[in-house]
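Participant: Just query-v8.txt, nothing more (compact mmCIF, C-alpha atoms):
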# COMPACT_ATOMS: atom_id res chain seq x y z
CA MET A 138 30.47 8.81 -18.78
CA LYS A 139 26.85 7.81 -18.42
CA VAL A 140 24.33 8.09 -15.65
CA CYS A 141 23.19 4.59 -14.77
CA TRP A 142 19.40 4.47 -14.59
CA LYS A 143 16.68 1.85 -14.39
CA ARG A 144 13.13 2.97 -14.92
CA LYS A 145 11.38 -0.27 -14.12
CA VAL A 146 11.88 -1.74 -10.65
CA ASN A 147 9.85 -4.69 -9.38
CA ILE A 148 10.12 -4.35 -5.62
CA HIS A 149 7.78 -3.51 -2.80
CA ALA A 150 6.98 0.18 -3.03
CA PRO A 151 7.92 1.96 0.20
CA ARG A 152 4.71 2.92 1.95
CA LEU A 153 4.64 5.37 4.80
CA PHE A 154 1.19 6.75 5.51
CA LEU A 155 0.82 9.46 8.10
CA ARG A 156 -2.74 9.18 9.40
CA LEU A 157 -3.93 12.63 10.38
CA ARG A 158 -6.93 12.32 12.66
CA GLY A 159 -9.40 14.69 14.19
CA ARG A 160 -11.54 17.33 12.50
CA ALA A 161 -10.58 17.85 8.89
CA ALA A 162 -10.59 21.63 9.38
CA ALA A 163 -7.87 21.25 12.01
CA LEU A 164 -5.47 19.48 9.68
CA LEU A 165 -2.41 21.08 8.14
CA ALA A 166 0.14 18.90 6.39
CA ALA A 167 3.17 19.18 4.16
CA LEU A 168 5.23 16.36 2.71
CA LEU A 169 8.37 18.13 1.52
CA LEU A 170 10.87 16.76 -0.98
CA SER A 171 14.47 17.38 -0.01
CA ALA A 172 16.68 19.64 -2.07
CA ALA A 173 18.72 16.66 -3.30
CA PRO A 174 16.31 13.74 -3.31
CA LEU A 175 18.09 11.55 -5.83
CA ARG A 176 21.70 10.58 -6.38
CA ALA A 177 22.65 8.39 -9.33
CA GLN A 178 26.19 7.11 -9.54
CA VAL A 179 28.04 8.26 -12.65
CA LEU A 180 29.95 5.26 -13.93
CA PRO A 181 31.55 4.20 -17.21
CA GLY A 182 29.95 1.39 -19.18
CA PRO A 183 26.45 0.44 -20.32
CA VAL A 184 23.46 2.27 -18.91
CA GLY A 185 21.98 0.27 -16.04
CA ALA A 186 25.12 -1.80 -15.32
CA ASP A 187 25.69 -0.39 -11.82
CA SER A 188 23.82 2.47 -10.21
CA LEU A 189 22.60 3.81 -6.90
CA SER A 190 19.36 5.71 -6.29
CA SER A 191 18.62 7.30 -2.92
CA THR A 192 15.81 9.57 -1.78
CA LEU A 193 15.29 11.55 1.44
CA VAL A 194 11.87 13.03 2.24
CA PRO A 195 11.31 15.27 5.29
CA VAL A 196 7.81 15.12 6.79
CA ILE A 197 6.02 17.94 8.62
CA ALA A 198 2.37 17.67 9.67
CA TYR A 199 -0.15 18.70 12.28
CA SER A 200 -3.30 17.06 13.61
CA SER A 201 -5.53 17.84 16.55
CA ASP A 202 -4.75 14.42 18.09
CA GLU A 203 -1.01 13.91 17.56
CA GLY A 204 -0.02 17.58 17.53
CA TRP A 205 2.98 18.62 15.43
CA VAL A 206 4.63 15.65 13.73
CA GLY A 207 8.12 15.72 12.21
CA GLY A 208 10.53 13.23 10.78
CA ALA A 209 11.99 11.82 7.58
CA VAL A 210 11.78 8.90 5.17
CA TYR A 211 14.83 7.48 3.40
CA SER A 212 15.03 4.96 0.56
CA ARG A 213 18.06 3.52 -1.22
CA ILE A 214 18.10 1.18 -4.23
CA SER A 215 21.31 -0.41 -5.45
CA TYR A 216 21.65 -2.02 -8.90
CA ARG A 217 24.49 -4.32 -9.83
CA GLY A 218 25.28 -6.08 -13.08
CA ASP A 219 22.43 -8.23 -14.37
CA ASP A 220 20.64 -8.49 -11.03
CA GLU A 221 16.91 -8.06 -11.58
CA PRO A 222 14.98 -6.28 -10.28
CA PHE A 223 17.72 -4.88 -7.97
CA HIS A 224 20.74 -5.87 -5.92
CA SER A 225 19.58 -4.44 -2.59
CA TYR A 226 16.96 -2.05 -1.27
CA LEU A 227 16.74 -0.11 2.01
CA GLN A 228 13.82 1.92 3.31
CA ALA A 229 13.73 3.63 6.72
CA SER A 230 11.46 6.17 8.40
CA ALA A 231 11.30 8.00 11.72
CA LEU A 232 8.41 10.16 12.96
CA VAL A 233 7.80 11.80 16.35
CA SER A 234 5.17 14.23 17.59
CA THR A 235 4.72 16.76 20.36
CA LYS A 236 2.05 14.54 21.96
CA GLY A 237 4.06 11.33 22.25
CA PHE A 238 3.50 9.67 18.87
CA VAL A 239 6.60 7.72 17.74
CA GLU A 240 7.02 5.55 14.65
CA ILE A 241 10.43 4.16 13.66
CA GLN A 242 10.73 1.53 10.94
CA ALA A 243 13.44 0.09 8.72
CA ARG A 244 13.31 -2.58 6.04
CA ARG A 245 16.04 -4.04 3.83
CA GLU A 246 15.57 -6.39 0.87
CA GLN A 247 18.14 -8.07 -1.31
CA LEU A 248 17.89 -10.32 -4.33
CA THR A 249 20.41 -12.96 -3.25
CA THR A 250 20.90 -14.33 0.28
CA PHE A 251 23.44 -16.83 1.59
CA GLY A 252 24.90 -16.93 -1.92
CA ARG A 253 21.68 -18.30 -3.40
CA SER A 254 18.77 -16.91 -5.38
CA LEU A 255 16.69 -16.28 -2.27
CA ARG A 256 15.03 -12.88 -2.03
CA SER A 257 15.20 -11.80 1.61
CA GLU A 258 13.53 -9.12 3.68
CA ALA A 259 14.57 -7.98 7.15
CA GLU A 260 12.63 -5.37 9.11
CA ILE A 261 12.47 -3.80 12.54
CA PHE A 262 9.95 -1.38 14.04
CA LEU A 263 9.09 0.62 17.14
CA ASN A 264 5.67 2.25 17.34
CA ARG A 265 4.08 4.28 20.09
CA TYR A 266 0.56 5.33 19.21
CA ALA A 267 -0.46 7.92 21.78
CA PHE A 268 -4.01 7.94 20.43
CA ASN A 269 -4.80 4.40 19.35
CA ASN A 270 -8.49 3.54 19.08
CA TYR A 271 -10.67 0.79 20.52
CA PHE A 272 -14.38 0.68 19.71
CA GLY A 273 -15.05 -2.90 20.75
CA VAL A 274 -15.39 -6.11 18.75
CA GLY A 275 -17.98 -6.57 16.02
CA ASN A 276 -19.30 -5.11 12.82
CA THR A 277 -21.93 -2.86 14.44
CA THR A 278 -19.96 -1.05 17.16
CA THR A 279 -21.19 2.51 17.70
CA PHE A 280 -19.45 5.85 17.29
CA SER A 281 -20.22 9.12 19.08
CA ARG A 282 -18.60 12.43 18.17
CA ASP A 283 -18.97 13.67 21.76
CA ARG A 284 -17.24 10.57 23.14
CA TRP A 285 -14.54 10.88 20.49
CA ASP A 286 -13.83 14.45 21.57
CA ASP A 287 -13.79 13.27 25.20
CA GLU A 288 -11.10 10.64 24.34
CA TYR A 289 -13.46 7.79 25.28
CA TYR A 290 -12.16 5.59 22.43
CA PHE A 291 -8.46 6.34 22.93
CA PHE A 292 -5.65 4.40 24.61
CA ASP A 293 -1.86 4.34 24.32
CA ASP A 294 -0.20 1.43 22.56
CA LEU A 295 3.49 0.49 22.34
CA GLY A 296 4.84 -2.13 19.95
CA VAL A 297 8.37 -3.23 19.08
CA GLY A 298 9.58 -6.11 16.95
CA GLY A 299 11.29 -7.45 13.88
CA ALA A 300 11.04 -10.09 11.17
CA PHE A 301 13.15 -11.96 8.64
CA ARG A 302 11.61 -13.51 5.51
CA LEU A 303 12.83 -15.47 2.51
CA ARG A 304 11.24 -16.00 -0.91
CA HIS A 305 12.30 -19.11 -2.83
CA PRO A 306 11.39 -19.28 -6.54
CA LEU A 307 9.29 -22.33 -7.37
CA HIS A 308 8.33 -21.57 -10.96
CA ARG A 309 9.18 -19.00 -13.64
CA ARG A 310 7.39 -18.62 -16.96
CA GLU A 311 7.81 -15.52 -19.10
CA GLU A 312 6.42 -12.64 -16.99
CA SER A 313 4.79 -14.76 -14.26
CA ARG A 314 6.43 -16.30 -11.20
CA LEU A 315 5.51 -18.37 -8.18
CA ASP A 316 7.45 -18.06 -4.92
CA LEU A 317 7.38 -19.89 -1.61
CA SER A 318 7.71 -17.49 1.32
CA MET A 319 9.01 -18.41 4.78
CA GLY A 320 9.77 -16.26 7.76
CA LEU A 321 10.20 -15.64 11.47
CA ALA A 322 8.83 -12.67 13.41
CA SER A 323 8.92 -11.49 17.02
CA GLU A 324 6.83 -8.68 18.53
CA TYR A 325 6.12 -7.20 21.94
CA HIS A 326 3.03 -5.08 22.61
CA ILE A 327 1.77 -3.31 25.71
CA SER A 328 -1.14 -0.93 26.22
CA TYR A 329 -1.62 2.00 28.59
CA VAL A 330 -5.06 3.21 29.65
CA ARG A 331 -5.47 6.95 29.14
CA LYS A 332 -8.49 7.18 31.46
CA GLU A 333 -10.67 4.73 33.36
CA ASP A 334 -13.78 6.13 31.74
CA SER A 335 -12.80 4.68 28.36
CA ARG A 336 -13.95 1.90 26.06
CA PHE A 337 -10.64 0.03 26.29
CA PHE A 338 -10.60 0.05 30.12
CA GLN A 339 -14.22 -1.07 30.35
CA ALA A 340 -13.86 -3.90 27.81
CA ARG A 341 -10.40 -5.14 28.86
CA PRO A 342 -9.81 -7.05 25.60
CA ASN A 343 -7.59 -10.11 25.45
CA GLY A 344 -3.96 -8.99 25.66
CA ASP A 345 -4.71 -5.75 27.50
CA GLU A 346 -1.70 -6.40 29.76
CA GLY A 347 0.59 -6.91 26.76
CA GLY A 348 2.93 -9.74 25.90
CA TRP A 349 5.38 -11.35 23.47
CA VAL A 350 4.36 -12.96 20.21
CA ASN A 351 6.83 -15.14 18.29
CA LEU A 352 5.59 -16.17 14.87
CA LEU A 353 6.38 -18.73 12.18
CA GLU A 354 5.30 -17.58 8.72
CA SER A 355 4.75 -19.37 5.43
CA GLY A 356 2.91 -18.69 2.21
CA LEU A 357 2.77 -18.54 -1.57
CA ILE A 358 3.09 -15.53 -3.86
CA TRP A 359 2.13 -15.61 -7.54
CA GLU A 360 2.28 -12.55 -9.74
CA ASN A 361 2.73 -11.22 -13.26
CA ARG A 362 2.44 -7.47 -12.64
CA ASP A 363 4.43 -5.17 -14.88
CA SER A 364 5.65 -3.16 -11.85
CA GLU A 365 5.38 -3.15 -8.08
CA PHE A 366 5.65 0.64 -7.80
CA ASP A 367 3.13 1.69 -10.45
CA PRO A 368 1.40 -1.49 -11.72
CA ARG A 369 -0.85 -1.02 -14.75
CA ARG A 370 -1.37 -4.58 -15.94
CA GLY A 371 -1.31 -8.00 -14.33
CA ALA A 372 -2.26 -9.60 -11.04
CA ARG A 373 -0.86 -10.81 -7.72
CA PHE A 374 -2.15 -13.53 -5.38
CA ASP A 375 -0.67 -13.74 -1.90
CA LEU A 376 -1.49 -16.44 0.67
CA LYS A 377 0.11 -15.98 4.08
CA VAL A 378 -0.19 -18.16 7.20
CA ARG A 379 1.23 -17.06 10.57
CA PHE A 380 1.43 -19.28 13.64
CA ALA A 381 2.33 -18.34 17.23
CA PRO A 382 3.23 -21.67 18.90
CA HIS A 383 2.39 -22.49 22.50
CA GLY A 384 5.41 -22.17 24.78
CA LEU A 385 7.20 -19.68 22.55
CA SER A 386 4.56 -16.94 22.78
CA ASP A 387 2.29 -15.52 25.44
CA PHE A 388 -0.62 -16.19 23.06
CA ASP A 389 -1.30 -19.28 20.96
CA PHE A 390 -3.03 -18.37 17.70
CA THR A 391 -3.01 -18.68 13.91
CA THR A 392 -3.83 -16.14 11.22
CA VAL A 393 -4.55 -16.77 7.54
CA ARG A 394 -4.71 -14.00 4.94
CA LEU A 395 -5.50 -14.22 1.23
CA THR A 396 -4.99 -11.13 -0.93
CA MET A 397 -5.87 -10.88 -4.63
CA ARG A 398 -4.91 -7.83 -6.70
CA HIS A 399 -5.73 -7.10 -10.34
CA TYR A 400 -4.79 -4.24 -12.68
CA PHE A 401 -5.85 -3.27 -16.20
CA ARG A 402 -5.95 -0.21 -18.44
CA LEU A 403 -9.17 1.65 -19.25
CA LEU A 404 -9.46 4.13 -22.14
CA GLY A 405 -5.73 3.90 -22.61
CA PHE A 406 -4.79 6.29 -19.78
CA VAL A 407 -6.66 5.13 -16.63
CA THR A 408 -5.40 2.26 -14.48
CA VAL A 409 -8.11 0.23 -12.75
CA ALA A 410 -6.65 -1.30 -9.58
CA GLN A 411 -8.66 -3.80 -7.53
CA ARG A 412 -7.87 -5.63 -4.33
CA LEU A 413 -9.91 -8.29 -2.52
CA GLN A 414 -8.63 -9.45 0.86
CA GLY A 415 -9.86 -11.93 3.44
CA ARG A 416 -8.31 -12.63 6.84
CA HIS A 417 -9.09 -14.94 9.75
CA ALA A 418 -7.54 -15.21 13.23
CA GLY A 419 -8.15 -18.27 15.40
CA GLY A 420 -7.07 -19.34 18.87
CA ASP A 421 -6.02 -17.18 21.81
CA VAL A 422 -5.87 -13.94 19.80
CA PRO A 423 -4.67 -10.68 21.45
CA TYR A 424 -6.45 -7.49 20.48
CA TRP A 425 -3.66 -6.28 18.17
CA GLU A 426 -3.88 -9.48 16.09
CA LEU A 427 -7.63 -9.29 15.47
CA SER A 428 -8.77 -8.74 11.88
CA ARG A 429 -9.20 -4.97 11.63
CA LEU A 430 -10.72 -2.55 9.16
CA GLY A 431 -10.30 1.21 9.20
CA ASP A 432 -6.71 2.23 8.50
CA ASP A 433 -4.60 3.51 5.60
CA HIS A 434 -5.34 0.31 3.62
CA THR A 435 -9.02 -0.44 4.38
CA LEU A 436 -12.17 1.67 4.82
CA ARG A 437 -10.22 4.92 4.52
CA GLY A 438 -12.21 7.69 6.16
CA PHE A 439 -13.17 5.73 9.27
CA PRO A 440 -11.19 6.15 12.52
CA LEU A 441 -8.21 3.85 13.03
CA ASN A 442 -9.23 0.24 13.84
CA ARG A 443 -12.90 1.17 13.62
CA PHE A 444 -14.08 -2.45 13.19
CA GLN A 445 -12.46 -5.57 14.70
CA GLY A 446 -13.36 -9.24 14.63
CA ARG A 447 -12.04 -12.74 14.15
CA SER A 448 -12.44 -12.47 10.38
CA SER A 449 -12.63 -9.68 7.86
CA LEU A 450 -13.42 -9.26 4.18
CA SER A 451 -12.58 -6.09 2.27
CA TYR A 452 -12.54 -4.81 -1.31
CA THR A 453 -10.89 -1.71 -2.77
CA LEU A 454 -11.36 -0.17 -6.20
CA GLU A 455 -9.09 2.65 -7.42
CA LEU A 456 -8.99 4.59 -10.67
CA ARG A 457 -5.50 6.05 -11.19
CA THR A 458 -4.13 8.29 -13.90
CA TRP A 459 -1.20 10.58 -14.61
CA LEU A 460 -2.49 13.95 -15.79
CA VAL A 461 0.50 16.23 -16.41
CA GLU A 462 4.14 15.35 -17.13
CA PHE A 463 7.31 17.44 -17.33
CA PRO A 464 9.95 15.02 -18.66
CA ALA A 465 12.70 17.65 -18.69
CA TYR A 466 12.37 18.00 -14.91
CA GLY A 467 11.51 14.37 -14.11
CA LEU A 468 8.11 15.38 -12.72
CA LYS A 469 4.58 14.13 -13.27
CA PHE A 470 1.32 14.74 -11.45
CA GLY A 471 -1.76 12.55 -11.25
CA GLY A 472 -4.84 11.72 -9.26
CA GLN A 473 -6.98 8.84 -8.10
CA LEU A 474 -10.57 8.09 -7.11
CA PHE A 475 -11.34 5.21 -4.77
CA THR A 476 -13.99 3.35 -2.85
CA ASP A 477 -13.39 0.89 0.02
CA THR A 478 -15.87 -1.74 1.17
CA GLY A 479 -15.65 -4.25 4.00
CA ARG A 480 -16.95 -5.81 7.18
CA VAL A 481 -15.72 -7.96 10.07
CA PHE A 482 -17.14 -11.19 11.49
CA THR A 483 -17.31 -12.65 14.99
CA SER A 484 -18.35 -16.07 16.27
CA GLU A 485 -21.90 -14.74 16.58
CA ASP A 486 -22.22 -14.16 12.84
CA ASP A 487 -23.37 -16.91 10.48
CA THR A 488 -23.14 -17.60 6.76
CA GLY A 489 -26.22 -15.48 6.15
CA ASP A 490 -24.21 -12.40 7.14
CA LEU A 491 -21.62 -12.93 4.40
CA LEU A 492 -23.37 -10.62 1.92
CA GLU A 493 -24.93 -8.16 4.37
CA ASP A 494 -24.05 -5.06 6.41
CA TYR A 495 -20.95 -3.95 4.50
CA HIS A 496 -19.46 -0.55 5.29
CA GLN A 497 -18.31 1.68 2.46
CA THR A 498 -16.19 4.79 2.10
CA PHE A 499 -15.29 7.02 -0.83
CA GLY A 500 -12.43 9.37 -1.55
CA PHE A 501 -10.00 10.96 -3.92
CA GLY A 502 -6.35 11.91 -3.90
CA GLY A 503 -3.34 13.18 -5.77
CA ALA A 504 0.04 11.75 -6.67
CA MET A 505 3.38 13.15 -7.73
CA SER A 506 6.40 11.35 -9.15
CA ALA A 507 9.65 13.25 -8.69
CA PHE A 508 13.08 12.59 -10.23
CA ASN A 509 12.58 8.81 -10.27
CA PRO A 510 9.45 7.36 -11.96
CA ASP A 511 9.28 4.69 -9.26
CA PHE A 512 9.26 7.23 -6.43
CA ILE A 513 5.67 8.43 -5.83
CA LEU A 514 4.34 10.89 -3.25
CA ARG A 515 0.67 10.33 -2.57
CA GLY A 516 -2.16 11.88 -0.61
CA ASP A 517 -5.72 10.61 -0.07
CA ILE A 518 -8.78 12.00 1.65
CA GLY A 519 -11.46 9.51 2.70
CA PHE A 520 -15.08 10.16 3.64
CA SER A 521 -17.02 7.91 6.02
CA GLU A 522 -20.22 8.23 8.01
CA ASP A 523 -18.11 8.93 11.12
CA MET A 524 -15.62 11.53 9.88
CA VAL A 525 -13.20 12.66 7.19
CA ARG A 526 -9.56 11.57 7.30
CA LEU A 527 -6.42 12.56 5.42
CA TYR A 528 -3.59 10.19 4.51
CA ILE A 529 -0.20 11.30 3.26
CA GLY A 530 2.55 8.90 2.29
CA ILE A 531 4.88 7.30 -0.20
CA GLY A 532 3.84 4.80 -2.85
CA TYR A 533 0.49 3.56 -4.04
CA MET A 534 -1.51 1.65 -1.44
CA PHE A 535 -1.21 -1.60 -3.45
Can you give me the file's structure in the form of structure tokens?

Facilitator:
Amino acid sequence: MKVCWKRKVNIHAPRLFLRLRGRAAALLAALLLSAAPLRAQVLPGPVGADSLSSTLVPVIAYSSDEGWVGGAVYSRISYRGDDEPFHSYLQASALVSTKGFVEIQARREQLTTFGRSLRSEAEIFLNRYAFNNYFGVGNTTTFSRDRWDDEYYFFDDLGVGGAFRLRHPLHRREESRLDLSMGLASEYHISYVRKEDSRFFQARPNGDEGGWVNLLESGLIWENRDSEFDPRRGARFDLKVRFAPHGLSDFDFTTVRLTMRHYFRLLGFVTVAQRLQGRHAGGDVPYWELSRLGDDHTLRGFPLNRFQGRSSLSYTLELRTWLVEFPAYGLKFGGQLFTDTGRVFTSEDDTGDLLEDYHQTFGFGGAMSAFNPDFILRGDIGFSEDMVRLYIGIGYMF
């Protein structure tokens, strides 16, 4: 009898980042691993023929904005025969707080769809952000600590939706591959004003009364990374176009996003991870579809959605390393240093602004891999000119 095990899995790493906002001194957080986080099927035959890996992570946290937050994250990877990198993959999470924050998400991927070699992804979500932020549109919007404490920048936001995507292989050569991606998505958003003396109520951005958005998606994905969980070498280029057609959506707009990622080893034990991303939104764009910076992926340390515009350009540099390993227990601990840079653009900006007025944040964090080398718990703390913010979640950011 052998325990079926695969150490290298090329799938999207599950990423759940709990954004704890407010004064750093008011933050307490714990991301607790369950007592039985991993089950591997014990089956006869060659190692890796058929196996099942599942992980359950309870989450407990506190912030001065959301209050006490509790919930769980679940992931399940199924391997079958010669299917690479997996047969199917399920990731789900549910979080609620004492102050009305709700985040429920589920995503399932599988290698073959409709009996063909089409990698598919289906996802659903329901989010209620009791303390979403709106600072206005532009790269130079102001921030006041007194107004922040007075909830001037806050409003409630509810979003629900789902998507289905397919990836069709166009070209394979050794370790590199090129895929055509296609998809459909549907979302409904609605906002609630917390107080009339607020930035959101005064500005009344496009889409402030909510509405449906039905999207057609298409794009290209090229990559030769050695892993999608813990990449150390290679690159990925991702072009994605989304279109909300007139008559099928309450808003008629198009978004284009180009993301370039690159990884290499430094000194034999440090992974240098870089990501450059540009995005543009054109047409009748609701506020939630604007190009935004200031979240768990960009300008970490700034408040959520700190900068918004029609276009955005951002760059992230991370230095990652594993410091201590305990192979007998399936544990390893590491850390990372990072810096985020970026800015947004509006119709009032010109080409001369392309290289000017970039915002920058710095930070550091820790990582732990438990029981499965592809399962990574991660925490980051980012420093900006506005405040300090803590991020806790699963998987590297990119």

Participant: Would you please work out which residue, of A:Ala209, A:Val274, A:Ala267, A:Ile358, is nearest to Gly530 of chain A when using only C-alpha atoms?

Facilitator: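 For Gly530 of chain A, the nearest of the candidates is A:Ala209.
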
Participant: Give as a list in words every residue, naming chains and numbers as the document does, that has an atom within 9 Å of (5.6, -9.8, 14.8), counting only C-alpha atoms.

Facilitator: Val297, Gly298, Gly299, Ala300, Leu321, Ala322, Ser323, Glu324, Tyr325, Trp349, Val350, Asn351 and Leu352 of chain A

Participant: So which residues touch segment 255-258 of chain A within 6 Å, counting all atoms listed in the file, skipping near sequence neighbours fewer than 3 positions away, as a PyMOL selection string?

Facilitator: chain A and resi 245-250+301-305

Participant: Every residue with an atom at most 7 Å from (-7.2, -9.7, 13.0) (file coordinates; only C-alpha atoms) is what I'm after, so could you write them as a VMD selection string?

Facilitator: chain A and resid 416 to 418 426 to 429 445 to 448

Participant: Grab the residues selected above and save them as a CSV table (one decimal), in the coordinates of the input with C-alpha atoms.

Facilitator:
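Full text of out06.csv as output:
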chain,number,residue,atom,x,y,z
A,416,ARG,CA,-8.3,-12.6,6.8
A,417,HIS,CA,-9.1,-14.9,9.8
A,418,ALA,CA,-7.5,-15.2,13.2
A,426,GLU,CA,-3.9,-9.5,16.1
A,427,LEU,CA,-7.6,-9.3,15.5
A,428,SER,CA,-8.8,-8.7,11.9
A,429,ARG,CA,-9.2,-5.0,11.6
A,445,GLN,CA,-12.5,-5.6,14.7
A,446,GLY,CA,-13.4,-9.2,14.6
A,447,ARG,CA,-12.0,-12.7,14.2
A,448,SER,CA,-12.4,-12.5,10.4

Participant: Record the distance separating atom CA of Leu468 of chain A and atom CA of Leu454 of chain A, expressed in Å with one decimal.

Facilitator: 25.8 Å

Participant: Could you please determine the separation between atom CA of Val206 of chain A and atom CA of Thr453 of chain A in Å, to one decimal place?

Facilitator: 28.5 Å
